[in-house]
>>> print(open('input.cif').read())   # mmCIF, C-alpha atoms
data_start
#
loop_
_atom_site.label_atom_id
_atom_site.label_comp_id
_atom_site.auth_asym_id
_atom_site.auth_seq_id
_atom_site.Cartn_x
_atom_site.Cartn_y
_atom_site.Cartn_z
CA MET R 1 58.51 -39.44 11.64
CA ALA R 2 55.73 -38.51 14.06
CA TYR R 3 58.20 -36.98 16.55
CA ALA R 4 59.53 -34.64 13.87
CA GLU R 5 56.35 -34.00 11.90
CA GLU R 6 53.71 -33.84 14.63
CA ARG R 7 55.66 -32.63 17.67
CA GLN R 8 58.45 -30.75 15.84
CA TRP R 9 60.98 -32.56 18.05
CA GLN R 10 64.50 -33.03 16.83
CA VAL R 11 65.50 -36.63 16.08
CA PHE R 12 68.72 -38.33 15.01
CA PRO R 13 69.72 -41.90 14.17
CA GLY R 14 71.44 -44.10 16.71
CA THR R 15 72.90 -47.56 16.70
CA SER R 16 70.92 -50.67 15.85
CA SER R 17 70.78 -54.13 17.34
CA GLU R 18 70.45 -57.63 16.04
CA THR R 19 70.01 -61.00 17.70
CA VAL R 20 72.53 -63.65 16.69
CA GLU R 21 72.11 -67.12 18.19
CA GLY R 22 70.00 -65.68 21.00
CA VAL R 23 72.50 -62.93 21.88
CA VAL R 24 71.58 -59.28 21.30
CA ARG R 25 74.46 -57.42 19.66
CA CYS R 26 74.90 -53.72 19.08
CA SER R 27 76.07 -52.20 15.81
CA CYS R 28 78.69 -50.23 17.80
CA GLY R 29 80.79 -53.40 17.91
CA ASP R 30 81.23 -53.47 21.70
CA PRO R 31 80.38 -57.05 22.81
CA GLY R 32 79.60 -55.74 26.30
CA CYS R 33 77.44 -52.80 25.17
CA PRO R 34 75.01 -52.02 28.02
CA LEU R 35 72.36 -50.55 25.68
CA PRO R 36 72.48 -52.45 22.40
CA GLY R 37 70.82 -50.45 19.66
CA ALA R 38 69.85 -47.60 21.97
CA HIS R 39 72.64 -45.01 21.94
CA PRO R 40 74.41 -42.58 19.58
CA GLU R 41 76.90 -44.03 17.13
CA GLY R 42 79.75 -41.67 17.85
CA PRO R 43 80.94 -38.85 20.06
CA ASP R 44 79.03 -36.17 18.08
CA ARG R 45 75.88 -37.12 19.95
CA ALA R 46 73.14 -34.94 18.43
CA GLY R 47 75.01 -33.13 15.69
CA PRO R 48 72.79 -34.41 12.87
CA ALA R 49 69.49 -33.86 14.75
CA THR R 50 66.58 -32.57 12.67
CA SER R 51 62.94 -31.66 13.19
CA SER R 52 62.24 -31.92 9.46
CA GLY R 53 59.92 -34.79 8.63
CA THR R 54 61.40 -34.93 5.14
CA VAL R 55 64.98 -35.28 6.42
CA ALA R 56 63.92 -37.82 9.05
CA ARG R 57 62.06 -39.89 6.46
CA ARG R 58 65.10 -39.87 4.16
CA THR R 59 67.44 -40.80 7.04
CA TRP R 60 65.38 -43.80 8.16
CA THR R 61 64.74 -44.88 4.59
CA LEU R 62 68.52 -45.25 4.24
CA ARG R 63 68.93 -46.76 7.74
CA PRO R 64 65.60 -48.31 8.79
CA GLU R 65 67.26 -50.35 11.53
CA ALA R 66 68.68 -47.27 13.33
CA ALA R 67 67.26 -46.34 16.72
CA VAL R 68 65.37 -43.05 16.89
CA LEU R 69 67.15 -40.82 19.40
CA LEU R 70 65.87 -37.53 20.80
CA PRO R 71 68.36 -34.93 22.13
CA THR R 72 67.43 -33.57 25.54
CA GLY R 73 67.55 -29.97 26.62
CA ARG R 74 66.07 -28.66 23.39
CA ASP R 75 62.42 -29.66 23.20
CA PHE R 76 62.24 -31.43 26.57
CA ASP R 77 64.31 -32.63 29.51
CA VAL R 78 64.25 -36.14 30.96
CA LEU R 79 63.75 -37.42 34.49
CA GLU R 80 65.10 -40.98 34.71
CA VAL R 81 63.98 -43.39 37.43
CA PRO R 82 64.06 -47.15 38.06
CA GLU R 83 61.18 -48.94 36.32
CA THR R 84 59.40 -49.80 39.60
CA ALA R 85 59.50 -46.19 40.81
CA GLY R 86 58.25 -45.04 37.41
CA TYR R 87 55.20 -47.30 37.52
CA LEU R 88 54.45 -46.15 41.07
CA ALA R 89 54.69 -42.52 39.92
CA LEU R 90 52.36 -43.19 36.99
CA ALA R 91 49.82 -44.83 39.32
CA ARG R 92 49.97 -41.82 41.64
CA LEU R 93 49.56 -39.39 38.75
CA ASP R 94 46.52 -41.39 37.63
CA ARG R 95 45.02 -41.23 41.16
CA LEU R 96 45.61 -37.48 41.21
CA GLY R 97 43.72 -37.15 37.92
CA ALA R 98 46.68 -36.00 35.84
CA GLU R 99 45.87 -35.50 32.19
CA PRO R 100 46.85 -38.50 30.06
CA GLY R 101 49.55 -37.56 27.62
CA ALA R 102 50.87 -34.81 29.91
CA GLY R 103 54.29 -36.01 28.86
CA PRO R 104 55.55 -39.16 27.17
CA VAL R 105 57.13 -41.86 29.31
CA LEU R 106 59.63 -44.33 27.84
CA VAL R 107 60.58 -47.74 29.22
CA ALA R 108 64.17 -48.48 28.22
CA PRO R 109 65.95 -51.84 27.79
CA ASP R 110 67.89 -51.14 31.00
CA ARG R 111 64.64 -51.38 33.06
CA ARG R 112 64.53 -47.66 33.69
CA MET R 113 61.77 -45.23 32.83
CA ARG R 114 62.36 -41.83 31.32
CA PHE R 115 59.73 -39.14 31.82
CA LEU R 116 59.87 -36.44 29.13
CA VAL R 117 59.17 -33.10 30.82
CA LEU R 118 59.16 -29.46 29.82
CA PRO R 119 62.61 -27.87 29.37
CA GLY R 120 63.86 -26.60 32.72
CA ALA R 121 61.47 -28.76 34.77
CA VAL R 122 64.29 -31.02 35.96
CA ALA R 123 65.81 -28.09 37.86
CA ARG R 124 62.84 -28.25 40.28
CA VAL R 125 62.95 -32.03 40.81
CA PRO R 126 65.54 -32.29 43.64
CA ARG R 127 63.61 -29.78 45.77
CA MET R 128 60.27 -31.47 45.04
CA VAL R 129 61.69 -34.89 45.96
CA ARG R 130 63.01 -33.53 49.28
CA GLU R 131 59.65 -31.87 50.03
CA LEU R 132 57.95 -35.24 49.53
CA GLY R 133 60.25 -36.64 52.21
CA TRP R 134 62.25 -38.89 49.90
CA ALA R 135 66.01 -38.91 50.19
CA PRO R 136 67.40 -41.15 47.43
CA ASP R 137 70.73 -42.83 48.14
CA ARG R 138 72.12 -41.30 44.95
CA PRO R 139 71.11 -38.33 42.78
CA LEU R 140 68.37 -38.92 40.24
CA PRO R 141 69.70 -38.90 36.69
CA LEU R 142 68.34 -35.73 35.11
CA ARG R 143 69.00 -34.94 31.47
CA GLY R 144 68.86 -31.41 30.11
CA PRO R 145 70.79 -28.12 30.33
CA ALA R 146 69.53 -27.28 33.82
CA ALA R 147 70.79 -30.64 35.06
CA ARG R 148 74.31 -30.43 33.65
CA ARG R 149 75.91 -29.76 37.05
CA GLY R 150 77.57 -33.15 37.37
CA GLN R 151 74.65 -35.03 35.80
CA PRO R 152 74.74 -36.90 32.50
CA GLY R 153 74.04 -35.06 29.27
CA GLY R 154 71.47 -36.55 27.11
CA TRP R 155 69.87 -38.12 24.17
#
>>> encode(input="input.cif", output="structure tokens")
Amino acid sequence: MAYAEERQWQVFPGTSSETVEGVVRCSCGDPGCPLPGAHPEGPDRAGPATSSGTVARRTWTLRPEAAVLLPTGRDFDVLEVPETAGYLALARLDRLGAEPGAGPVLVAPDRRMRFLVLPGAVARVPRMVRELGWAPDRPLPLRGPAARRGQPGGW
């Protein structure tokens, strides 16, 4: 509720997960689901997104087990990096004296970190990475409208 009420971010319910005999299973029904309980339920990704605290409260009262998903490209974009690179970036930001809370950072079940950044900020990332002298072996996953050129869309 805090995302919707305090930040006015749009939220929508995702899948859920449960552990049965030590195996984590996703409510999507796919036994090989790579992100159990951490993705949209259907193809209409963020159709039901809301920034209303009242609607969000009602939604999760009916489905308390549902993951809380945040659509990208509306209130923020996302820069996704491997977990190790994310922790190194956080340490560097701390050394540089960056303000805490400058942007939320999420650690996902797939051992990747997702930095929530201002909308449009991901468009500057490839140039900034090159200027730092880093040439990744594959493009960084960037989520948001500015990153749609061949990159994944987002939630």
>>> residues_around(input="input.cif", residues="Arg63 of chain R", least_positions_apart="6", cutoff="10 Å", atoms="only C-alpha atoms", output="ChimeraX atom specification")
/R:13-16,57
>>> resolve_selection(input="input.cif", expression="the PyMOL selection byres ((chain R and resi 76) around 6)", output="JSON list (two decimals) with C-alpha atoms, in the coordinates of the input")
[["chain", "number", "residue", "atom", "x", "y", "z"],
["R", 72, "THR", "CA", 67.43, -33.57, 25.54],
["R", 73, "GLY", "CA", 67.55, -29.97, 26.62],
["R", 74, "ARG", "CA", 66.07, -28.66, 23.39],
["R", 75, "ASP", "CA", 62.42, -29.66, 23.20],
["R", 77, "ASP", "CA", 64.31, -32.63, 29.51],
["R", 117, "VAL", "CA", 59.17, -33.10, 30.82],
["R", 118, "LEU", "CA", 59.16, -29.46, 29.82],
["R", 119, "PRO", "CA", 62.61, -27.87, 29.37]]
>>> residues_around(input="input.cif", residues="segment 19-28 of chain R", least_positions_apart="4", cutoff="7 Å", atoms="all atoms listed in the file", output="list in words")
Thr15, Cys33, Pro36, Gly37 and Glu41 of chain R
>>> write_last_selection(input="input.cif", atoms="C-alpha atoms", output="compact mmCIF listing (two decimals), in the frame of the given file")
# COMPACT_ATOMS: atom_id res chain seq x y z
CA THR R 15 72.90 -47.56 16.70
CA CYS R 33 77.44 -52.80 25.17
CA PRO R 36 72.48 -52.45 22.40
CA GLY R 37 70.82 -50.45 19.66
CA GLU R 41 76.90 -44.03 17.13
>>> closest_residue(input="input.cif", among="R:Arg58, R:Pro40, R:Val81, R:Gly32", to="Val125 of chain R", atoms="only C-alpha atoms")
R:Val81
>>> atom_distance(input="input.cif", atom1="atom CA of Leu62 of chain R", atom2="atom CA of Leu116 of chain R")
27.8 Å
>>> resolve_selection(input="input.cif", expression="the PyMOL selection byres ((chain R and resi 50) around 8)", output="list in words")
Ala4, Trp9, Gln10, Val11, Phe12, Pro48, Ala49, Ser51, Ser52, Val55 and Ala56 of chain R
>>> write_last_selection(input="input.cif", atoms="C-alpha atoms", output="PDB file, in the coordinates of the input")
ATOM      1  CA  ALA R   4      59.530 -34.640  13.870  1.00  0.00           C
ATOM      2  CA  TRP R   9      60.980 -32.560  18.050  1.00  0.00           C
ATOM      3  CA  GLN R  10      64.500 -33.030  16.830  1.00  0.00           C
ATOM      4  CA  VAL R  11      65.500 -36.630  16.080  1.00  0.00           C
ATOM      5  CA  PHE R  12      68.720 -38.330  15.010  1.00  0.00           C
ATOM      6  CA  PRO R  48      72.790 -34.410  12.870  1.00  0.00           C
ATOM      7  CA  ALA R  49      69.490 -33.860  14.750  1.00  0.00           C
ATOM      8  CA  SER R  51      62.940 -31.660  13.190  1.00  0.00           C
ATOM      9  CA  SER R  52      62.240 -31.920   9.460  1.00  0.00           C
ATOM     10  CA  VAL R  55      64.980 -35.280   6.420  1.00  0.00           C
ATOM     11  CA  ALA R  56      63.920 -37.820   9.050  1.00  0.00           C
TER      12      ALA R  56
END
>>> atom_distance(input="input.cif", atom1="atom CA of Pro82 of chain R", atom2="atom CA of Arg111 of chain R")
6.6 Å
>>> atom_distance(input="input.cif", atom1="atom CA of Gly103 of chain R", atom2="atom CA of Phe115 of chain R")
6.9 Å
>>> closest_residue(input="input.cif", among="R:Val78, R:Glu5, R:Leu35, R:Leu69", to="Gly120 of chain R", atoms="all atoms listed in the file")
R:Val78
>>> closest_residue(input="input.cif", among="R:Leu70, R:Glu80, R:Trp60, R:Gly86", to="His39 of chain R", atoms="all atoms listed in the file")
R:Leu70
>>> residues_near_point(input="input.cif", point="(64.1, -48.5, 28.4)", cutoff="10 Å", atoms="all atoms listed in the file", output="mmCIF file with C-alpha atoms, in the frame of the given file")
data_model
loop_
_atom_site.group_PDB
_atom_site.id
_atom_site.type_symbol
_atom_site.label_atom_id
_atom_site.label_comp_id
_atom_site.auth_asym_id
_atom_site.auth_seq_id
_atom_site.Cartn_x
_atom_site.Cartn_y
_atom_site.Cartn_z
ATOM 1 C CA LEU R 35 72.360 -50.550 25.680
ATOM 2 C CA ALA R 38 69.850 -47.600 21.970
ATOM 3 C CA GLU R 80 65.100 -40.980 34.710
ATOM 4 C CA PRO R 82 64.060 -47.150 38.060
ATOM 5 C CA GLU R 83 61.180 -48.940 36.320
ATOM 6 C CA VAL R 105 57.130 -41.860 29.310
ATOM 7 C CA LEU R 106 59.630 -44.330 27.840
ATOM 8 C CA VAL R 107 60.580 -47.740 29.220
ATOM 9 C CA ALA R 108 64.170 -48.480 28.220
ATOM 10 C CA PRO R 109 65.950 -51.840 27.790
ATOM 11 C CA ASP R 110 67.890 -51.140 31.000
ATOM 12 C CA ARG R 111 64.640 -51.380 33.060
ATOM 13 C CA ARG R 112 64.530 -47.660 33.690
ATOM 14 C CA MET R 113 61.770 -45.230 32.830
ATOM 15 C CA ARG R 114 62.360 -41.830 31.320
#
>>> closest_residue(input="input.cif", among="R:Ser17, R:Thr54, R:Pro104, R:Gly29", to="Leu90 of chain R", atoms="all atoms listed in the file")
R:Pro104
>>> axis_aligned_box(input="input.cif", around="segment 54-67 of chain R", padding_each_side="6 Å", output="JSON")
{"center_x": 65.2, "center_y": -42.6, "center_z": 10.4, "size_x": 19.5, "size_y": 27.4, "size_z": 24.6}
